[in-house]
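Undergrad: structure.cif is the file, holding mmCIF, C-alpha atoms:
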```
data_protein
loop_
_atom_site.group_PDB
_atom_site.id
_atom_site.type_symbol
_atom_site.label_atom_id
_atom_site.label_comp_id
_atom_site.auth_asym_id
_atom_site.auth_seq_id
_atom_site.Cartn_x
_atom_site.Cartn_y
_atom_site.Cartn_z
ATOM 1 C CA MET A 1 -19.493 97.635 180.430
ATOM 2 C CA ARG A 2 -16.429 99.540 181.587
ATOM 3 C CA ILE A 3 -17.549 102.468 183.734
ATOM 4 C CA GLY A 4 -15.328 105.262 184.983
ATOM 5 C CA ILE A 5 -16.025 106.939 188.324
ATOM 6 C CA LEU A 6 -14.344 110.232 189.190
ATOM 7 C CA CYS A 7 -14.860 110.938 192.882
ATOM 8 C CA GLU A 8 -13.372 112.670 195.913
ATOM 9 C CA GLY A 9 -10.879 110.895 198.141
ATOM 10 C CA GLU A 10 -8.232 108.487 196.856
ATOM 11 C CA LYS A 11 -7.959 106.761 200.253
ATOM 12 C CA THR A 12 -11.534 107.271 201.452
ATOM 13 C CA ASP A 13 -14.381 107.367 198.919
ATOM 14 C CA GLU A 14 -12.518 105.511 196.168
ATOM 15 C CA PRO A 15 -12.110 102.155 197.991
ATOM 16 C CA VAL A 16 -15.638 102.346 199.465
ATOM 17 C CA LEU A 17 -17.172 103.022 196.058
ATOM 18 C CA ARG A 18 -15.182 100.193 194.509
ATOM 19 C CA LEU A 19 -16.380 97.729 197.150
ATOM 20 C CA LEU A 20 -20.039 98.790 196.979
ATOM 21 C CA LEU A 21 -20.345 99.086 193.203
ATOM 22 C CA GLU A 22 -18.487 95.887 192.361
ATOM 23 C CA HIS A 23 -20.916 94.057 194.636
ATOM 24 C CA VAL A 24 -24.046 95.725 193.222
ATOM 25 C CA PHE A 25 -22.891 95.484 189.594
ATOM 26 C CA PRO A 26 -20.729 92.352 189.242
ATOM 27 C CA ALA A 27 -21.153 92.368 185.450
ATOM 28 C CA HIS A 28 -19.530 95.788 185.071
ATOM 29 C CA GLU A 29 -15.864 96.759 185.275
ATOM 30 C CA PHE A 30 -15.149 99.939 187.220
ATOM 31 C CA VAL A 31 -12.267 102.357 186.755
ATOM 32 C CA ILE A 32 -12.441 104.547 189.873
ATOM 33 C CA ARG A 33 -10.204 107.527 190.535
ATOM 34 C CA GLY A 34 -10.336 109.495 193.771
ATOM 35 C CA VAL A 35 -9.036 113.073 193.630
ATOM 36 C CA SER A 36 -9.604 116.324 195.508
ATOM 37 C CA LYS A 37 -12.617 118.516 194.889
ATOM 38 C CA ALA A 38 -10.220 121.136 193.546
ATOM 39 C CA VAL A 39 -9.113 118.697 190.838
ATOM 40 C CA ILE A 40 -12.716 117.881 189.912
ATOM 41 C CA PHE A 41 -13.685 121.539 189.546
ATOM 42 C CA SER A 42 -10.483 122.812 187.934
ATOM 43 C CA GLY A 43 -9.330 119.776 185.947
ATOM 44 C CA GLY A 44 -12.423 117.610 185.686
ATOM 45 C CA ASP A 45 -12.367 117.940 181.905
ATOM 46 C CA LEU A 46 -8.875 116.433 181.735
ATOM 47 C CA GLU A 47 -9.861 113.636 184.126
ATOM 48 C CA LEU A 48 -13.002 112.918 182.098
ATOM 49 C CA ALA A 49 -11.055 112.757 178.843
ATOM 50 C CA ARG A 50 -8.419 110.534 180.456
ATOM 51 C CA MET A 51 -11.024 108.004 181.600
ATOM 52 C CA PHE A 52 -12.450 107.667 178.111
ATOM 53 C CA ASP A 53 -8.912 107.315 176.745
ATOM 54 C CA GLN A 54 -8.439 104.453 179.217
ATOM 55 C CA GLY A 55 -11.367 102.589 177.715
ATOM 56 C CA ALA A 56 -14.305 103.731 179.828
ATOM 57 C CA GLU A 57 -17.573 103.510 177.894
ATOM 58 C CA ARG A 58 -19.434 105.760 180.326
ATOM 59 C CA VAL A 59 -18.234 107.991 183.177
ATOM 60 C CA LEU A 60 -19.892 109.264 186.325
ATOM 61 C CA ILE A 61 -18.532 112.331 188.131
ATOM 62 C CA LEU A 62 -19.354 112.264 191.845
ATOM 63 C CA TRP A 63 -18.593 114.941 194.445
ATOM 64 C CA ASP A 64 -19.699 115.998 197.934
ATOM 65 C CA LEU A 65 -21.818 119.102 198.443
ATOM 66 C CA LEU A 66 -19.950 119.937 201.666
ATOM 67 C CA PRO A 67 -17.823 121.520 202.944
ATOM 68 C CA THR A 68 -18.428 125.088 201.782
ATOM 69 C CA GLY A 69 -17.074 128.481 202.774
ATOM 70 C CA TYR A 70 -14.698 131.183 201.590
ATOM 71 C CA GLN A 71 -11.719 129.254 202.940
ATOM 72 C CA MET A 72 -12.308 126.486 200.371
ATOM 73 C CA PRO A 73 -10.066 126.312 197.274
ATOM 74 C CA VAL A 74 -12.938 125.970 194.770
ATOM 75 C CA THR A 75 -15.121 128.937 193.816
ATOM 76 C CA ALA A 76 -18.184 126.664 193.646
ATOM 77 C CA GLN A 77 -17.770 126.159 197.412
ATOM 78 C CA TRP A 78 -17.611 129.831 198.358
ATOM 79 C CA ASN A 79 -21.341 130.184 198.861
ATOM 80 C CA GLU A 80 -21.894 129.794 202.615
ATOM 81 C CA ARG A 81 -25.269 128.229 201.839
ATOM 82 C CA PRO A 82 -24.598 124.896 200.057
ATOM 83 C CA SER A 83 -26.080 124.804 196.560
ATOM 84 C CA ARG A 84 -26.000 121.702 194.379
ATOM 85 C CA ARG A 85 -27.263 123.736 191.471
ATOM 86 C CA GLU A 86 -24.447 126.275 191.751
ATOM 87 C CA GLN A 87 -21.769 123.590 192.009
ATOM 88 C CA ARG A 88 -23.241 121.648 189.095
ATOM 89 C CA GLN A 89 -23.314 124.818 186.999
ATOM 90 C CA LYS A 90 -19.654 125.601 187.743
ATOM 91 C CA LEU A 91 -18.604 122.101 186.731
ATOM 92 C CA LEU A 92 -20.627 122.160 183.513
ATOM 93 C CA GLU A 93 -19.158 125.550 182.586
ATOM 94 C CA LEU A 94 -15.709 123.970 182.835
ATOM 95 C CA LEU A 95 -16.743 121.033 180.643
ATOM 96 C CA CYS A 96 -18.584 123.153 178.067
ATOM 97 C CA LYS A 97 -15.611 125.485 177.588
ATOM 98 C CA SER A 98 -12.919 122.809 177.683
ATOM 99 C CA ASP A 99 -10.275 122.564 174.980
ATOM 100 C CA HIS A 100 -9.380 119.066 176.196
ATOM 101 C CA LEU A 101 -12.655 117.254 175.524
ATOM 102 C CA PRO A 102 -13.626 115.841 172.130
ATOM 103 C CA GLU A 103 -16.632 117.389 170.441
ATOM 104 C CA HIS A 104 -19.126 114.661 171.385
ATOM 105 C CA LEU A 105 -18.335 115.099 175.098
ATOM 106 C CA ARG A 106 -18.654 118.879 174.892
ATOM 107 C CA ARG A 107 -22.027 118.383 173.193
ATOM 108 C CA GLN A 108 -23.009 116.169 176.110
ATOM 109 C CA ALA A 109 -22.015 118.951 178.509
ATOM 110 C CA TYR A 110 -24.057 121.451 176.461
ATOM 111 C CA PHE A 111 -27.032 119.099 176.678
ATOM 112 C CA HIS A 112 -26.776 118.806 180.452
ATOM 113 C CA ALA A 113 -26.410 122.587 180.840
ATOM 114 C CA HIS A 114 -29.455 123.121 178.612
ATOM 115 C CA ARG A 115 -31.491 120.542 180.543
ATOM 116 C CA TYR A 116 -30.705 122.224 183.865
ATOM 117 C CA GLY A 117 -31.526 125.657 182.460
ATOM 118 C CA PHE A 118 -28.064 127.148 182.900
ATOM 119 C CA PRO A 119 -27.330 130.315 180.893
ATOM 120 C CA PRO A 120 -26.569 130.786 178.080
ATOM 121 C CA PHE A 121 -27.412 127.194 177.146
ATOM 122 C CA HIS A 122 -31.041 127.374 178.315
ATOM 123 C CA GLU A 123 -31.886 129.472 175.232
ATOM 124 C CA MET A 124 -30.045 127.250 172.754
ATOM 125 C CA PRO A 125 -31.658 124.335 170.906
ATOM 126 C CA VAL A 126 -29.535 121.385 171.973
ATOM 127 C CA GLU A 127 -30.058 117.869 170.679
ATOM 128 C CA HIS A 128 -29.070 114.838 172.713
ATOM 129 C CA PRO A 129 -25.638 113.769 171.414
ATOM 130 C CA ASN A 130 -26.084 110.035 171.873
ATOM 131 C CA SER A 131 -29.680 109.032 171.148
ATOM 132 C CA GLY A 132 -30.796 109.251 174.765
ATOM 133 C CA SER A 133 -27.857 107.541 176.500
ATOM 134 C CA HIS A 134 -25.590 109.936 178.411
ATOM 135 C CA TYR A 135 -21.852 109.572 177.865
ATOM 136 C CA PHE A 136 -21.370 110.912 181.368
ATOM 137 C CA ARG A 137 -23.528 111.809 184.348
ATOM 138 C CA LEU A 138 -23.055 114.136 187.327
ATOM 139 C CA VAL A 139 -24.059 113.237 190.893
ATOM 140 C CA CYS A 140 -23.655 115.686 193.779
ATOM 141 C CA VAL A 141 -23.800 113.868 197.120
ATOM 142 C CA CYS A 142 -25.820 115.601 199.808
ATOM 143 C CA TYR A 143 -24.029 116.089 202.080
ATOM 144 C CA THR A 144 -21.026 113.741 201.855
ATOM 145 C CA ALA A 145 -20.526 110.146 200.742
ATOM 146 C CA ASP A 146 -19.471 109.244 204.295
ATOM 147 C CA GLY A 147 -23.128 109.697 205.204
ATOM 148 C CA TRP A 148 -24.099 106.569 203.265
ATOM 149 C CA LEU A 149 -22.564 104.539 206.081
ATOM 150 C CA LEU A 150 -25.210 105.828 208.511
ATOM 151 C CA ALA A 151 -27.985 103.971 206.682
ATOM 152 C CA ASP A 152 -28.333 100.984 209.017
ATOM 153 C CA GLU A 153 -28.300 101.751 212.742
ATOM 154 C CA GLY A 154 -28.414 98.072 213.686
ATOM 155 C CA LEU A 155 -25.310 97.300 211.664
ATOM 156 C CA LEU A 156 -23.428 100.207 213.237
ATOM 157 C CA THR A 157 -24.513 99.111 216.713
ATOM 158 C CA ASN A 158 -23.419 95.516 216.112
ATOM 159 C CA LEU A 159 -19.983 96.690 214.999
ATOM 160 C CA ALA A 160 -19.581 98.899 218.051
ATOM 161 C CA SER A 161 -20.587 95.970 220.275
ATOM 162 C CA GLN A 162 -17.863 93.641 219.049
ATOM 163 C CA GLY A 163 -15.714 93.243 222.138
ATOM 164 C CA GLY A 164 -18.309 94.373 224.671
ATOM 165 C CA PRO A 165 -21.594 96.234 225.096
ATOM 166 C CA ALA A 166 -22.155 99.556 223.342
ATOM 167 C CA PRO A 167 -25.012 102.061 223.296
ATOM 168 C CA ARG A 168 -27.546 101.728 220.502
ATOM 169 C CA CYS A 169 -26.680 103.869 217.509
ATOM 170 C CA ALA A 170 -29.255 106.575 216.748
ATOM 171 C CA ALA A 171 -27.933 107.887 213.464
ATOM 172 C CA PRO A 172 -29.465 110.674 211.386
ATOM 173 C CA TYR A 173 -30.601 109.942 207.840
ATOM 174 C CA PRO A 174 -27.609 109.642 205.478
ATOM 175 C CA ASP A 175 -28.552 112.695 203.397
ATOM 176 C CA GLU A 176 -29.449 114.823 206.420
ATOM 177 C CA CYS A 177 -26.159 114.644 208.327
ATOM 178 C CA PRO A 178 -23.738 117.460 207.416
ATOM 179 C CA ASN A 179 -20.841 115.863 209.314
ATOM 180 C CA PRO A 180 -21.111 112.051 209.409
ATOM 181 C CA VAL A 181 -17.411 111.703 210.252
ATOM 182 C CA ALA A 182 -17.924 113.626 213.497
ATOM 183 C CA PHE A 183 -20.954 111.485 214.310
ATOM 184 C CA LEU A 184 -19.128 108.201 213.703
ATOM 185 C CA THR A 185 -16.061 109.369 215.634
ATOM 186 C CA LYS A 186 -18.150 110.256 218.680
ATOM 187 C CA TYR A 187 -20.297 107.127 218.496
ATOM 188 C CA TYR A 188 -17.489 104.601 218.138
ATOM 189 C CA LYS A 189 -15.575 106.101 221.039
ATOM 190 C CA GLN A 190 -18.385 104.716 223.202
ATOM 191 C CA GLY A 191 -18.024 101.167 221.869
ATOM 192 C CA ARG A 192 -15.604 98.300 222.406
ATOM 193 C CA HIS A 193 -14.634 97.496 218.811
ATOM 194 C CA ARG A 194 -10.852 97.264 218.900
ATOM 195 C CA ARG A 195 -10.342 99.234 215.682
ATOM 196 C CA LEU A 196 -13.427 101.415 215.338
ATOM 197 C CA LYS A 197 -13.033 102.842 218.835
ATOM 198 C CA PHE A 198 -10.300 104.964 217.249
ATOM 199 C CA TYR A 199 -12.331 105.669 214.106
ATOM 200 C CA ASN A 200 -10.905 107.701 211.259
ATOM 201 C CA LYS A 201 -12.462 107.682 207.825
ATOM 202 C CA ALA A 202 -9.318 106.810 205.879
ATOM 203 C CA ASP A 203 -8.832 103.536 207.752
ATOM 204 C CA HIS A 204 -12.298 102.572 208.888
ATOM 205 C CA ASN A 205 -14.904 103.581 206.291
ATOM 206 C CA ILE A 206 -13.878 100.511 204.323
ATOM 207 C CA VAL A 207 -14.378 98.372 207.460
ATOM 208 C CA ILE A 208 -17.956 99.609 207.785
ATOM 209 C CA ALA A 209 -18.616 99.313 204.042
ATOM 210 C CA THR A 210 -17.366 95.718 204.124
ATOM 211 C CA ALA A 211 -19.926 94.951 206.831
ATOM 212 C CA TYR A 212 -22.693 96.373 204.606
ATOM 213 C CA ARG A 213 -21.546 94.100 201.781
ATOM 214 C CA ASP A 214 -21.080 90.972 203.881
ATOM 215 C CA GLN A 215 -24.438 91.387 205.630
ATOM 216 C CA ASP A 216 -26.277 92.142 202.375
ATOM 217 C CA LYS A 217 -27.201 95.607 203.617
ATOM 218 C CA ILE A 218 -26.168 97.746 200.623
ATOM 219 C CA LYS A 219 -29.851 97.734 199.655
ATOM 220 C CA VAL A 220 -30.524 99.630 202.894
ATOM 221 C CA ILE A 221 -28.175 102.407 201.760
ATOM 222 C CA LYS A 222 -30.071 102.638 198.474
ATOM 223 C CA ARG A 223 -33.409 102.777 200.294
ATOM 224 C CA ARG A 224 -32.403 105.454 202.810
ATOM 225 C CA SER A 225 -30.052 107.660 200.759
ATOM 226 C CA ASN A 226 -31.325 109.541 197.726
ATOM 227 C CA SER A 227 -27.797 110.363 196.597
ATOM 228 C CA PHE A 228 -26.696 106.719 196.617
ATOM 229 C CA ARG A 229 -29.874 105.752 194.810
ATOM 230 C CA TYR A 230 -29.168 108.372 192.105
ATOM 231 C CA LEU A 231 -25.718 106.856 191.645
ATOM 232 C CA VAL A 232 -27.084 103.314 191.315
ATOM 233 C CA GLU A 233 -29.891 104.372 188.994
ATOM 234 C CA ALA A 234 -27.482 106.261 186.735
ATOM 235 C CA ILE A 235 -25.450 103.096 186.253
ATOM 236 C CA GLU A 236 -28.584 100.982 185.826
ATOM 237 C CA GLY A 237 -29.722 103.391 183.119
ATOM 238 C CA TRP A 238 -26.661 102.611 181.040
ATOM 239 C CA GLY A 239 -27.577 98.930 180.971
ATOM 240 C CA GLN A 240 -25.269 96.793 178.867
ATOM 241 C CA VAL A 241 -24.241 99.280 176.152
#
```
Spit out the file's structure as structure tokens when you get a sec.
TA:
Amino acid sequence: MRIGILCEGEKTDEPVLRLLLEHVFPAHEFVIRGVSKAVIFSGGDLELARMFDQGAERVLILWDLLPTGYQMPVTAQWNERPSRREQRQKLLELLCKSDHLPEHLRRQAYFHAHRYGFPPFHEMPVEHPNSGSHYFRLVCVCYTADGWLLADEGLLTNLASQGGPAPRCAAPYPDECPNPVAFLTKYYKQGRHRRLKFYNKADHNIVIATAYRDQDKIKVIKRRSNSFRYLVEAIEGWGQV
């Protein structure tokens, strides 16, 4: 199956997702496009339509819950208290009202909005548009996709120790760390790894993700991160349509 993934971060989340998903699902072909959150929430309908035009059979839209605040460019982020429900509702409103999506994709958006109980769709009888198989799914990552890389403390410690001794990594759970980039930056400064000592997510998240793949540790991410598990299960649910 050809699966489209719309996510945040052309140079960050996109290559990590490609590496992880192509390893977990070798039978599928992935079309992955990393954009800004502003693009997802203001032009996600155009991006969704474009992926289907490019031959995707199913599409998954993935975004990070954080950051939030009034300084953010997307109204769904203005609530100082992060809310997956609010962000999901804003995105579905865009898709339901879109003039760019074909009717069957708008019906899918109506179905999702009805299922989540978003007004006014919660009062409307909405039938599933595709006999139980979603054309597209939405996954909000709590808190950011960078947090998936915190799943295996031993792996992170071993990387930091390449080149000399390093303190043991005591990482928070992937879905409980609001700023995994800050954690990884601070931790790898204490190690001897020639590259990771100067960690930045654009260059080094793919290094860490490659270690998860090569050491057969992606299953640890799935076990410890609900958001990554939701992503995997959504793709598994599509099977071999």
Undergrad: Give me the residues of region 65-101 of chain A that have any atom at most 10 Å from an atom of region 136-153 of chain A; for each, the nearest atom pair and the distance in Å, rounded to one decimal. Use all atoms listed in the file, sort by chain and number, and format it as a tab-separated table.
TA:
```
residue	atom	partner	partner_atom	distance
A:Leu65	CA	A:Tyr143	CA	5.2
A:Leu66	CA	A:Tyr143	CA	5.6
A:Pro67	CA	A:Tyr143	CA	8.3
A:Pro82	CA	A:Tyr143	CA	9.1
A:Ser83	CA	A:Cys142	CA	9.8
A:Arg84	CA	A:Cys140	CA	6.5
A:Arg85	CA	A:Cys140	CA	9.1
A:Gln87	CA	A:Cys140	CA	8.3
A:Arg88	CA	A:Cys140	CA	7.6
A:Leu91	CA	A:Leu138	CA	9.1
A:Leu92	CA	A:Leu138	CA	9.2
```
Undergrad: Residues picked by the PyMOL selection byres ((chain A and resi 195) around 12) here, as a list of chain:residue names?
TA: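 So the PyMOL selection byres ((chain A and resi 195) around 12) ends up selecting A:Leu159, A:Ala160, A:Ser161, A:Gln162, A:Gly163, A:Thr185, A:Tyr188, A:Lys189, A:Gly191, A:Arg192, A:His193, A:Arg194, A:Leu196, A:Lys197, A:Phe198, A:Tyr199, A:Asn200, A:Lys201, A:Asp203, A:His204, A:Asn205, A:Ile206, A:Val207, A:Ile208.
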Undergrad: Would you please work out which residue, of A:Val220, A:Leu184, A:Leu101, A:Val31, is nearest to Cys7 (chain A) when using all atoms listed in the file?
TA: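 For Cys7 (chain A), the nearest of the given residues is A:Val31.
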Undergrad: When the PyMOL selection byres ((chain A and resi 106-113) around 8) is applied to the structure above, which residues does it catch, written out as a PyMOL selection string?
TA: chain A and resi 89+92+95-98+101-105+114-119+121-122+126-129+134-136
Undergrad: So how many Å separate CA of Ala76 (chain A) and CA of Arg18 (chain A), to one decimal?
TA: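 Those two atoms sit 26.7 Å apart.
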Undergrad: Please indicate the distance in Å from CA of Leu156 (chain A) to CA of Val232 (chain A), rounded to one decimal place.
TA: 22.4 Å
Undergrad: Which one is closest to Ser133 (chain A): A:Gly34, A:Glu22, A:Gly44, A:Glu236? Count only C-alpha atoms.
TA: A:Glu236
Undergrad: Between A:Pro167, A:Pro172, A:Gly4, A:Pro180, which is the closest to Ile235 (chain A) once you count all atoms listed in the file?
TA: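 Closest candidate: A:Gly4.
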Undergrad: With distances taken over only C-alpha atoms, which residue among A:His28, A:Arg58, A:Lys219, A:Arg33 lies nearest Thr12 (chain A)?
TA: A:Arg33
Undergrad: Could you state the separation of CA of Arg2 (chain A) and CA of Arg224 (chain A) in Å, given to one decimal place?
TA: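 Answer for the CA of Arg2 (chain A) to CA of Arg224 (chain A) separation: 27.2 Å.
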Undergrad: So, counting all atoms listed in the file, which residue among A:Ile3, A:Gly9, A:Leu231, A:Thr68 is closest to Met51 (chain A)?
TA: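 With all atoms listed in the file as the atom set, the closest residue is A:Ile3.
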Undergrad: Which residues would end up in the selection if the PyMOL selection byres ((chain A and resi 36) around 9) were applied here, given that I need the answer as number ranges by chain?
TA: A: 7-10, 34-35, 37-41
Undergrad: Produce the centre coordinates and the three edge lengths, each in Å to one decimal, of the box along x, y and z that contains all listed atoms of region 77-91 of chain A with 4 Å added on each side, as lines of an AutoDock Vina configuration file.
TA:
```
center_x = -22.4
center_y = 125.9
center_z = 194.7
size_x = 17.7
size_y = 16.5
size_z = 23.9
```
Undergrad: Ranking A:Gly132, A:Gly154, A:Pro165, A:Pro174 by minimum distance to Gly237 (chain A) and counting all atoms listed in the file, which one comes first?
TA: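 Nearest to Gly237 (chain A): A:Gly132.
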